[in-house]
Every structure is written in C-alpha cells, then in structure tokens.
There are 2 protein chains.
Amino acid sequence: MSMDRLLENITRKQNPTVAGLDPKLDYIPAYIKEECFETYGKNLEGAAQALLAFNKGLIDGLCGVVPAVKPQAAYYEMYGWQGVRALAWTIAYAKEKGLYVITDGKRNDIGATMQAYAAAHLGVTQVEGEDLEAFGADALTVNGYLGTDGIDPLLKVCGAQDKEIFVLVKTSNPSSGEFQDQMMHAMYEPLYRAMGNMCQKWGQSLPGKYGYSGVGAVVGATYPKQLKELRKALPDTFFLVPGYGAQGGAAKDVAMGFDKHGLGAIVNSSRAIMCAWQKEGCDPKDFAGAACREAVRMRDEIMAELGGISLPV
Amino acid sequence: MSMDRLLENITRKQNPTVAGLDPKLDYIPAYIKEECFETYGKNLEGAAQALLAFNKGLIDGLCGVVPAVKPQAAYYEMYGWQGVRALAWTIAYAKEKGLYVITDGKRNDIGATMQAYAAAHLGVTQVEGEDLEAFGADALTVNGYLGTDGIDPLLKVCGAQDKEIFVLVKTSNPSSGEFQDQMMHAMYEPLYRAMGNMCQKWGQSLPGKYGYSGVGAVVGATYPKQLKELRKALPDTFFLVPGYGAQGGAAKDVAMGFDKHGLGAIVNSSRAIMCAWQKEGCDPKDFAGAACREAVRMRDEIMAELGGISLPV
C-alpha cells in the first residue's frame, strides 16, 4: 500500500540495495546441477530444481545483509511451468526469511486482465470462496504504456493487500531514449517525465507515512542526470534503480536517486551477486558466502556515498 | 519469422479472427469444476485442471472454424504455477489441433532478460546441451516502451525458430491516449505512430512472402480512425485487433484494419466465445458447441464486410 515496509527494512539493515535473483544454469555450481539432474532428470524439472536449490542458498547467504530480493520472471519462465513453480517457491522462501520480494515481471494489461495479474502476483485468487495466494510477492514491476486503465486494477489490490508496484519510467538500456526521451509536444517534457508524473498521481491513493507512496518508479543508474531530475520532481515516488555495476552505473551515479535521509531508492544488482563465486574463484560450495561478500561490498560502496539512512520523524 | 503461416491459416479457413482463451472459473460449467475439485481438491490444482478441461473442450469446438487462439497469460498466472502448467498444456493441445497460438503476455525487458522471455515463449531452452520447449507458442505479444533493446533479442529467436511477435501500438482501452496519443515534438506525430513506425523497421529483418513481416502490431478496434491510418502507414505490419464486441468495436470498425485482399489483420474475441453457453442458455455440456456457433457468427459478420480473403500472388 505504501513503501513503508520496504523503507523500514532498508533502514534497519542500513542497506538500500536489492539482490536480483535471475538464475541461469550457467550461474549455478556444478555440484548442485549434477545432484538435481540425477534426482529429477536432465530436463526442465531438473533445471528448475537446480534453480530453486541455488536460490535458497543465495537467500540464506544474503538475508542478513540485503532488505529485499528481486526475482526476474523471465529466467523462471524459460524453464517452463516447472521454472515458474521454482519462482513461486523462491518467493515463499524469501518471505520466510524476512525479505521484501519484488517480482520483476514488467506486467501490463487492462481491466479484468490486469486484475488477474494483480491477483496472481500481489493479491489472492478466489477458488470456491477461499482466498489462495498464487505467487504472493510484496511488489511487482509494471509497464505503464497502456495508461491509467492498466494501473487502476493494481492500485485496488495494493490498497487491499498492503502491496506495491514499480512503474517503468526511465529504463537503464542504451535504446531507452527511442521512446522515453521523446519530447511530448503539449507538455514540453519527455515521455519518461510524463510517466513519472503519472506515478506521482497514481500514488496519491496509496500514501505512506514516510512520504513515499505505494507507486514506485524504475529509473536506470545509467542515466544519473535523469535520476537526479526525477528525484527532485517526484518527491513521493520511490525508485527501483537497475543498471548498477555491469551496465555501467557507479555508486556516485545511483546516489542521485536518494533524498537527504538516504532514502528514496533501492539499487539492484543481479549477476554480480549471483556469480560472485565464479569471479572470486572460491570453492563452489561457498557460492552463498561469495554472494554475501559481494552484497556487503556493494552496500558499503553505496553507503559511503549516502553516509547513513534514517526514517524521517 | 513472418506472418506467412498465420496468413495461410486465415485464408484456408476464410476467417480473420482469433479466439481468446482467458478462462476464469466463472466461465466454466459447474459439471467440469465439480469433477476437477473432487479429483484434485478445491485449490489451485483443481482450478487449473478445470481451466485445462474447459480449454480443451473449447479448442475441440473451435479448431474447425478459427485459424488461431490467443491464451492470455494473466488468467493462468492467477492460478499459480499450476495455472501456468495449464497454459503450457493448452498451447500444446491447440498446436496439436493445427491452431496458430499467440501467447498474450505483453512481455518486455532488455538484453539477456528479453532473451529469456524469447526462449520461454517462442524458442527453446538449453538444458545440458538439449533444446527443450518451455511454452512454445507461435507468437507473443510484446510491449515496446523500452525500445530496440527490448525487441532485438526477440527478432533473433523469431528468425531462428520461424516465430512472430505483436508489439502494442494503439491499445483498445479508454485511457490508451494518455501516453499513446501524445504528439511527439520532433516527429509531429503521436507516440503510437512512432511505435508503429518502429514495427515497420523492426520487421525488415523478418520479411514475409505475402508482404507482412514477422513483427505485427496490436491496434484496438475501438479506434477505427487510427486503425485505418495505421493500415495505410504500415503496409508490412500485420495487426492483432482487440476490442471487438464487448469493448465496443463493430465489424465495420475492424474492417479498417484490412487490405484489399481481406488480409492485414486478425480480430480477437475472448469472453463472447468462452461464455457463449451462458448467453445462449444452452445445456452447459454443449459449451463447446455454443463457442463454435459464436465464432461462426463473428466470422460471418466480419467476412460480410471483407467479401473474401485471398493470398496475393
């Protein structure tokens, strides 16, 4: 309903970063894969079980350091419904460990269909009068190209279930400007800014006690100028910031997304954390330890820019 | 790779419509639900099995009439991974029956993540050197807000696997104009037109022998003026047209999306077909027959506008 729970998690852990869980088989130590393939077969089932085992290890290693995880739906869907089951079980496990879970699905649709996505990822599904959780994340990333019709059904579920969304505003990729940077004739501002303004508006129905509404925005670390501009222009909108590390965003870049309390954004890192064991060259059985060490390194690098994080009183 | 296979299906059946498979429990006859809940439990598993049984009946009833089906991912995801398994099995069953399958997922992301979606829905996933199909649809709907970085990975898979995509251009909902109708300053044209122009460009790498590339566009029946404008402006871009029927689009409206051969578009109907048995008030066991009768009625209504459909020689 607002970003309050996430902000409290961030402040308690003094860490404004989120670990992306985008597992590919290449990232998983051989001993896990071998065990899963032997037990379940060299098929989508075996692969999905390896994903899940890897994720659980990562979550165990990370849950003391990071406030949140962000599984990216695509990496589960590519392993079929078995992979999607691994997503559901990963979300459940992360929540058990006290982590805030952002499902990165960039979902978008209208009316009853968006209601279905909202029920799937944030709310509950009614079966014979019983409310059942399908995936049950805390937040979902969303694409706003379809306008308010695509957001309203989410706001209802967010309000009822105390959940949040993040709307794509300025994405981190090189070609994001093709549409997002286009100046809108009537508004004298680019499309990403119009999308950002709508996030402010959509968020009004989901106010938060620390000033940040339940409608966040995705703003890439690779565009620090826009990150700074949007931080100023969208005071009620919390940012999810991809593009740190491998894509080129540095700690001083992402710092543009934060307010004077050290709040206002959470920075994502996926591959650098998941594949830290490969980069370190450590014992593969220590993959979770390596993930934790990389998460600590990232936290310290960003916290050096911010100083500290405190909730506004 | 191009729309050729879909065009051939449409021409053979003289029917430019696609049946949406957006199953909700409310749409499913009680006898199916009771049987599934008894066998599998009143839970997501029982619900998902009811979805699948309903879909199979619909596909049996429709496969002689419609050239294609369009399952909407949201309605499966809301029943958890069990629902997503029903999606996978629905796609497999529809393909067995010779139908062209468009997964309506409106997926969007960049780079390696978009590659994962492409592998999931259109391509294959490698597990230990074996190529496995995760969902294996013929086409996927896609949101282009992220620009070329979000489309390129799909084009590669489409080229390699002879698959297609449909990019959201002008959606059918009332608020679609909030962003899509905004005039772009530098281009003197609205965003939807810029998105349409990119579809033409993206499609150049996937040419078709009947003039339509492998990159289609979603254009709503509720905006006939734009449908006409885009048909003229985007000669190589095939249209997927939602919004017919319940949303207000009439046969004369959707006719704007077609070329002189009666080709150029495929019109979707979901609820009217799936719930035809409720509207007819027929024996619930005849739900597939009612779906077929509604599909025939819709085909005849649109074909009366088009005259006939022929492949250009």
# chains A, B, ... in the order shown; residues from 1 in each chain; ligands from 1
>>> select_by_dssp(residues="stretch 77-264 of chain B", states="alpha helix (DSSP H)", output="ChimeraX atom specification")
/B:77,80-96,111-121,152-161,177-180,191-203,224-233,251-254
>>> residues_around(residues="stretch 100-105 of chain A", least_positions_apart="2", cutoff="8 Å", atoms="only C-alpha atoms", output="PDB file with N, CA, C and O atoms, in the first residue's frame")
ATOM      1  N   LEU A   6       9.131  -1.604   3.072  1.00  0.00           N
ATOM      2  CA  LEU A   6      10.432  -1.664   2.403  1.00  0.00           C
ATOM      3  C   LEU A   6      11.403  -0.657   3.027  1.00  0.00           C
ATOM      4  O   LEU A   6      12.565  -0.972   3.290  1.00  0.00           O
ATOM      5  N   ASN A   9      12.684  -1.919   6.296  1.00  0.00           N
ATOM      6  CA  ASN A   9      13.691  -2.965   6.050  1.00  0.00           C
ATOM      7  C   ASN A   9      15.038  -2.356   5.673  1.00  0.00           C
ATOM      8  O   ASN A   9      16.086  -2.783   6.148  1.00  0.00           O
ATOM      9  N   PRO A  67      17.880  -6.027   2.255  1.00  0.00           N
ATOM     10  CA  PRO A  67      16.497  -5.916   2.729  1.00  0.00           C
ATOM     11  C   PRO A  67      15.488  -6.562   1.787  1.00  0.00           C
ATOM     12  O   PRO A  67      14.342  -6.797   2.175  1.00  0.00           O
ATOM     13  N   ALA A  68      15.913  -6.850   0.549  1.00  0.00           N
ATOM     14  CA  ALA A  68      14.949  -7.277  -0.468  1.00  0.00           C
ATOM     15  C   ALA A  68      15.611  -8.118  -1.536  1.00  0.00           C
ATOM     16  O   ALA A  68      16.826  -8.028  -1.749  1.00  0.00           O
ATOM     17  N   VAL A  69      14.814  -8.944  -2.190  1.00  0.00           N
ATOM     18  CA  VAL A  69      15.278  -9.651  -3.391  1.00  0.00           C
ATOM     19  C   VAL A  69      14.310  -9.371  -4.538  1.00  0.00           C
ATOM     20  O   VAL A  69      13.149  -9.042  -4.320  1.00  0.00           O
ATOM     21  N   LYS A  70      14.838  -9.503  -5.754  1.00  0.00           N
ATOM     22  CA  LYS A  70      14.032  -9.224  -6.934  1.00  0.00           C
ATOM     23  C   LYS A  70      14.179 -10.349  -7.937  1.00  0.00           C
ATOM     24  O   LYS A  70      15.079 -10.329  -8.768  1.00  0.00           O
ATOM     25  N   PRO A  71      13.328 -11.380  -7.838  1.00  0.00           N
ATOM     26  CA  PRO A  71      13.361 -12.412  -8.882  1.00  0.00           C
ATOM     27  C   PRO A  71      12.805 -11.852 -10.192  1.00  0.00           C
ATOM     28  O   PRO A  71      11.805 -11.148 -10.200  1.00  0.00           O
ATOM     29  N   GLN A  72      13.478 -12.152 -11.290  1.00  0.00           N
ATOM     30  CA  GLN A  72      13.070 -11.694 -12.621  1.00  0.00           C
ATOM     31  C   GLN A  72      12.318 -12.855 -13.283  1.00  0.00           C
ATOM     32  O   GLN A  72      12.888 -13.909 -13.538  1.00  0.00           O
ATOM     33  N   ALA A  73      11.033 -12.652 -13.565  1.00  0.00           N
ATOM     34  CA  ALA A  73      10.167 -13.740 -14.022  1.00  0.00           C
ATOM     35  C   ALA A  73      10.688 -14.469 -15.258  1.00  0.00           C
ATOM     36  O   ALA A  73      10.528 -15.690 -15.385  1.00  0.00           O
ATOM     37  N   ALA A  74      11.325 -13.735 -16.170  1.00  0.00           N
ATOM     38  CA  ALA A  74      11.747 -14.337 -17.439  1.00  0.00           C
ATOM     39  C   ALA A  74      12.632 -15.567 -17.229  1.00  0.00           C
ATOM     40  O   ALA A  74      12.501 -16.569 -17.927  1.00  0.00           O
ATOM     41  N   ILE A  91       9.905 -17.202  -3.936  1.00  0.00           N
ATOM     42  CA  ILE A  91       9.239 -16.068  -3.281  1.00  0.00           C
ATOM     43  C   ILE A  91       8.836 -16.455  -1.847  1.00  0.00           C
ATOM     44  O   ILE A  91       9.079 -15.712  -0.892  1.00  0.00           O
ATOM     45  N   ALA A  94      11.930 -16.664   0.392  1.00  0.00           N
ATOM     46  CA  ALA A  94      12.491 -15.343   0.698  1.00  0.00           C
ATOM     47  C   ALA A  94      11.642 -14.622   1.744  1.00  0.00           C
ATOM     48  O   ALA A  94      12.170 -13.949   2.641  1.00  0.00           O
ATOM     49  N   LYS A  95      10.330 -14.752   1.623  1.00  0.00           N
ATOM     50  CA  LYS A  95       9.454 -14.092   2.599  1.00  0.00           C
ATOM     51  C   LYS A  95       9.613 -14.717   3.994  1.00  0.00           C
ATOM     52  O   LYS A  95       9.636 -14.014   5.005  1.00  0.00           O
ATOM     53  N   GLY A  98      12.208 -13.197   5.900  1.00  0.00           N
ATOM     54  CA  GLY A  98      12.043 -11.793   6.252  1.00  0.00           C
ATOM     55  C   GLY A  98      12.398 -10.801   5.160  1.00  0.00           C
ATOM     56  O   GLY A  98      12.512  -9.603   5.419  1.00  0.00           O
ATOM     57  N   ARG A 107       4.713  -6.520 -15.932  1.00  0.00           N
ATOM     58  CA  ARG A 107       3.409  -6.873 -16.452  1.00  0.00           C
ATOM     59  C   ARG A 107       2.632  -5.651 -16.884  1.00  0.00           C
ATOM     60  O   ARG A 107       2.840  -4.554 -16.344  1.00  0.00           O
ATOM     61  N   HIS A 121       0.123 -11.925  -8.769  1.00  0.00           N
ATOM     62  CA  HIS A 121       1.448 -11.590  -8.246  1.00  0.00           C
ATOM     63  C   HIS A 121       1.436 -10.893  -6.897  1.00  0.00           C
ATOM     64  O   HIS A 121       2.408 -10.962  -6.157  1.00  0.00           O
ATOM     65  N   ALA A 137       4.069 -11.973  -4.077  1.00  0.00           N
ATOM     66  CA  ALA A 137       5.193 -11.074  -3.828  1.00  0.00           C
ATOM     67  C   ALA A 137       4.709  -9.838  -3.079  1.00  0.00           C
ATOM     68  O   ALA A 137       3.507  -9.629  -2.896  1.00  0.00           O
ATOM     69  N   ASP A 138       5.663  -8.997  -2.645  1.00  0.00           N
ATOM     70  CA  ASP A 138       5.312  -7.737  -1.996  1.00  0.00           C
ATOM     71  C   ASP A 138       5.106  -6.624  -3.008  1.00  0.00           C
ATOM     72  O   ASP A 138       4.323  -5.708  -2.781  1.00  0.00           O
ATOM     73  N   ALA A 139       5.836  -6.685  -4.111  1.00  0.00           N
ATOM     74  CA  ALA A 139       5.731  -5.646  -5.138  1.00  0.00           C
ATOM     75  C   ALA A 139       5.930  -6.283  -6.507  1.00  0.00           C
ATOM     76  O   ALA A 139       6.500  -7.370  -6.626  1.00  0.00           O
ATOM     77  N   LEU A 140       5.442  -5.579  -7.519  1.00  0.00           N
ATOM     78  CA  LEU A 140       5.536  -6.055  -8.903  1.00  0.00           C
ATOM     79  C   LEU A 140       6.000  -4.893  -9.778  1.00  0.00           C
ATOM     80  O   LEU A 140       5.526  -3.764  -9.605  1.00  0.00           O
ATOM     81  N   THR A 141       6.906  -5.154 -10.714  1.00  0.00           N
ATOM     82  CA  THR A 141       7.225  -4.113 -11.690  1.00  0.00           C
ATOM     83  C   THR A 141       6.196  -4.139 -12.809  1.00  0.00           C
ATOM     84  O   THR A 141       5.688  -5.199 -13.186  1.00  0.00           O
ATOM     85  N   VAL A 142       5.894  -2.945 -13.339  1.00  0.00           N
ATOM     86  CA  VAL A 142       4.763  -2.756 -14.231  1.00  0.00           C
ATOM     87  C   VAL A 142       5.146  -1.806 -15.367  1.00  0.00           C
ATOM     88  O   VAL A 142       5.907  -0.868 -15.156  1.00  0.00           O
TER      89      VAL A 142
ATOM     90  N   ARG B 107       5.013  -9.167 -22.821  1.00  0.00           N
ATOM     91  CA  ARG B 107       6.296  -9.201 -22.142  1.00  0.00           C
ATOM     92  C   ARG B 107       7.183  -8.066 -22.621  1.00  0.00           C
ATOM     93  O   ARG B 107       7.043  -7.583 -23.749  1.00  0.00           O
TER      94      ARG B 107
END
>>> interface_residues(of="chain B", to="chain A", cutoff="7 Å", atoms="only C-alpha atoms", output="VMD selection string")
chain B and resid 42 to 43 47 74 to 75 77 to 81 84 to 85 106 to 108 113 116 to 117 119 to 120 125 127 to 128 134 to 135 145 to 149 171 173 175 to 176 178 to 179 182 to 185
>>> closest_atom_pairs(of="stretch 64-154 of chain A", to="stretch 290-301 of chain A", cutoff="9 Å", atoms="only C-alpha atoms", output="tab-separated table")
residue	atom	partner	partner_atom	distance
A:Gly64	CA	A:Cys292	CA	8.6
A:Val65	CA	A:Val296	CA	6.8
A:Val66	CA	A:Ala295	CA	7.2
>>> write_last_selection(atoms="N, CA and C atoms", output="CSV table (one decimal), in the first residue's frame")
chain,number,residue,atom,x,y,z
A,64,GLY,N,20.8,-11.8,5.8
A,64,GLY,CA,21.3,-11.0,6.9
A,64,GLY,C,21.7,-9.6,6.4
A,65,VAL,N,22.0,-9.5,5.1
A,65,VAL,CA,22.6,-8.2,4.6
A,65,VAL,C,21.6,-7.4,3.8
A,66,VAL,N,20.9,-8.0,2.8
A,66,VAL,CA,20.0,-7.2,2.0
A,66,VAL,C,18.6,-7.1,2.5
>>> residues_around(residues="A:Tyr244", least_positions_apart="3", cutoff="8 Å", atoms="only C-alpha atoms", output="ChimeraX atom specification")
/A:221-222,241,247-251,254,267-269
>>> residues_around(residues="A:Asp286", least_positions_apart="6", cutoff="12 Å", atoms="only C-alpha atoms", output="compact mmCIF listing (two decimals) with N, CA, C and O atoms, in the first residue's frame")
# COMPACT_ATOMS: atom_id res chain seq x y z
N ILE A 28 25.01 -21.56 -11.86
CA ILE A 28 24.82 -22.50 -10.74
C ILE A 28 25.99 -23.47 -10.65
O ILE A 28 26.39 -24.07 -11.66
N PRO A 29 26.57 -23.63 -9.46
CA PRO A 29 27.69 -24.56 -9.31
C PRO A 29 27.33 -25.97 -9.79
O PRO A 29 26.19 -26.42 -9.61
N TYR A 31 27.99 -28.91 -8.75
CA TYR A 31 27.56 -29.95 -7.80
C TYR A 31 26.05 -29.88 -7.56
O TYR A 31 25.41 -30.93 -7.37
N ILE A 32 25.47 -28.67 -7.61
CA ILE A 32 24.01 -28.54 -7.43
C ILE A 32 23.29 -29.11 -8.66
O ILE A 32 22.33 -29.88 -8.55
N PHE A 54 19.75 -23.37 -5.76
CA PHE A 54 20.70 -22.26 -5.85
C PHE A 54 20.11 -21.02 -5.16
O PHE A 54 20.77 -20.38 -4.33
N GLY A 57 20.06 -21.24 -1.38
CA GLY A 57 21.40 -20.98 -0.86
C GLY A 57 21.72 -19.49 -0.86
O GLY A 57 22.23 -18.94 0.13
N LEU A 58 21.42 -18.83 -1.97
CA LEU A 58 21.68 -17.39 -2.06
C LEU A 58 20.90 -16.62 -1.00
O LEU A 58 21.43 -15.72 -0.35
N ASP A 60 19.75 -17.72 1.85
CA ASP A 60 20.38 -17.97 3.16
C ASP A 60 21.60 -17.08 3.36
O ASP A 60 21.80 -16.51 4.43
N GLY A 61 22.39 -16.95 2.29
CA GLY A 61 23.62 -16.16 2.40
C GLY A 61 23.35 -14.66 2.48
O GLY A 61 24.11 -13.91 3.09
N MET A 274 24.99 -13.01 -7.91
CA MET A 274 24.76 -14.44 -8.15
C MET A 274 26.02 -15.16 -8.62
O MET A 274 26.20 -16.34 -8.35
N CYS A 275 26.84 -14.45 -9.40
CA CYS A 275 28.03 -15.07 -9.97
C CYS A 275 29.30 -14.70 -9.23
O CYS A 275 30.41 -14.90 -9.74
N ALA A 276 29.16 -14.14 -8.03
CA ALA A 276 30.35 -13.73 -7.26
C ALA A 276 31.30 -14.90 -7.05
O ALA A 276 32.52 -14.74 -7.07
N TRP A 277 30.76 -16.11 -6.84
CA TRP A 277 31.63 -17.29 -6.62
C TRP A 277 32.50 -17.58 -7.83
O TRP A 277 33.64 -18.04 -7.68
N GLN A 278 31.98 -17.29 -9.04
CA GLN A 278 32.78 -17.52 -10.25
C GLN A 278 33.88 -16.46 -10.35
O GLN A 278 35.02 -16.77 -10.69
N GLU A 280 35.17 -14.66 -7.87
CA GLU A 280 36.14 -14.87 -6.78
C GLU A 280 37.04 -16.07 -7.03
O GLU A 280 38.17 -16.12 -6.57
N CYS A 292 27.20 -13.11 -0.48
CA CYS A 292 27.10 -12.23 0.68
C CYS A 292 28.23 -11.22 0.69
O CYS A 292 28.01 -10.02 0.92
N ARG A 293 29.44 -11.66 0.39
CA ARG A 293 30.59 -10.75 0.39
C ARG A 293 30.39 -9.66 -0.68
O ARG A 293 30.68 -8.48 -0.43
>>> residues_around(residues="B:Ala255", least_positions_apart="4", cutoff="12 Å", atoms="only C-alpha atoms", output="VMD selection string")
chain B and resid 16 to 17 220 to 225 227 to 228 231 239 241 244 249 to 251 259 to 267 301 to 307
>>> atom_distance(atom1="atom CA of A:Ala50", atom2="atom CA of A:Cys36")
5.6 Å
>>> select_by_dssp(residues="stretch 229-265 of chain A", states="strand (DSSP E)", output="MDAnalysis selection string")
chainID A and resid 239:241 265
>>> write_last_selection(atoms="all heavy atoms", output="short mmCIF file (atom, residue, chain, number, x, y, z; two decimals), in the first residue's frame")
data_model
loop_
_atom_site.label_atom_id
_atom_site.label_comp_id
_atom_site.auth_asym_id
_atom_site.auth_seq_id
_atom_site.Cartn_x
_atom_site.Cartn_y
_atom_site.Cartn_z
N PHE A 239 12.22 4.93 -5.89
CA PHE A 239 12.83 4.43 -7.12
C PHE A 239 13.44 3.04 -6.94
O PHE A 239 14.10 2.77 -5.94
CB PHE A 239 13.94 5.36 -7.60
CG PHE A 239 13.47 6.73 -8.01
CD1 PHE A 239 14.38 7.77 -8.13
CD2 PHE A 239 12.14 6.98 -8.31
CE1 PHE A 239 13.96 9.03 -8.52
CE2 PHE A 239 11.70 8.24 -8.69
CZ PHE A 239 12.62 9.27 -8.79
N LEU A 240 13.22 2.22 -7.94
CA LEU A 240 13.96 0.97 -8.08
C LEU A 240 14.98 1.23 -9.18
O LEU A 240 14.61 1.57 -10.30
CB LEU A 240 13.00 -0.17 -8.47
CG LEU A 240 13.62 -1.51 -8.86
CD1 LEU A 240 14.44 -2.11 -7.73
CD2 LEU A 240 12.52 -2.48 -9.29
N VAL A 241 16.27 1.08 -8.86
CA VAL A 241 17.34 1.52 -9.76
C VAL A 241 18.14 0.34 -10.30
O VAL A 241 18.97 -0.23 -9.58
CB VAL A 241 18.29 2.51 -9.04
CG1 VAL A 241 19.37 3.01 -9.98
CG2 VAL A 241 17.50 3.69 -8.48
N ALA A 265 15.40 5.40 -2.77
CA ALA A 265 15.74 4.47 -3.86
C ALA A 265 16.28 3.17 -3.30
O ALA A 265 16.78 3.12 -2.16
CB ALA A 265 16.77 5.10 -4.79
#
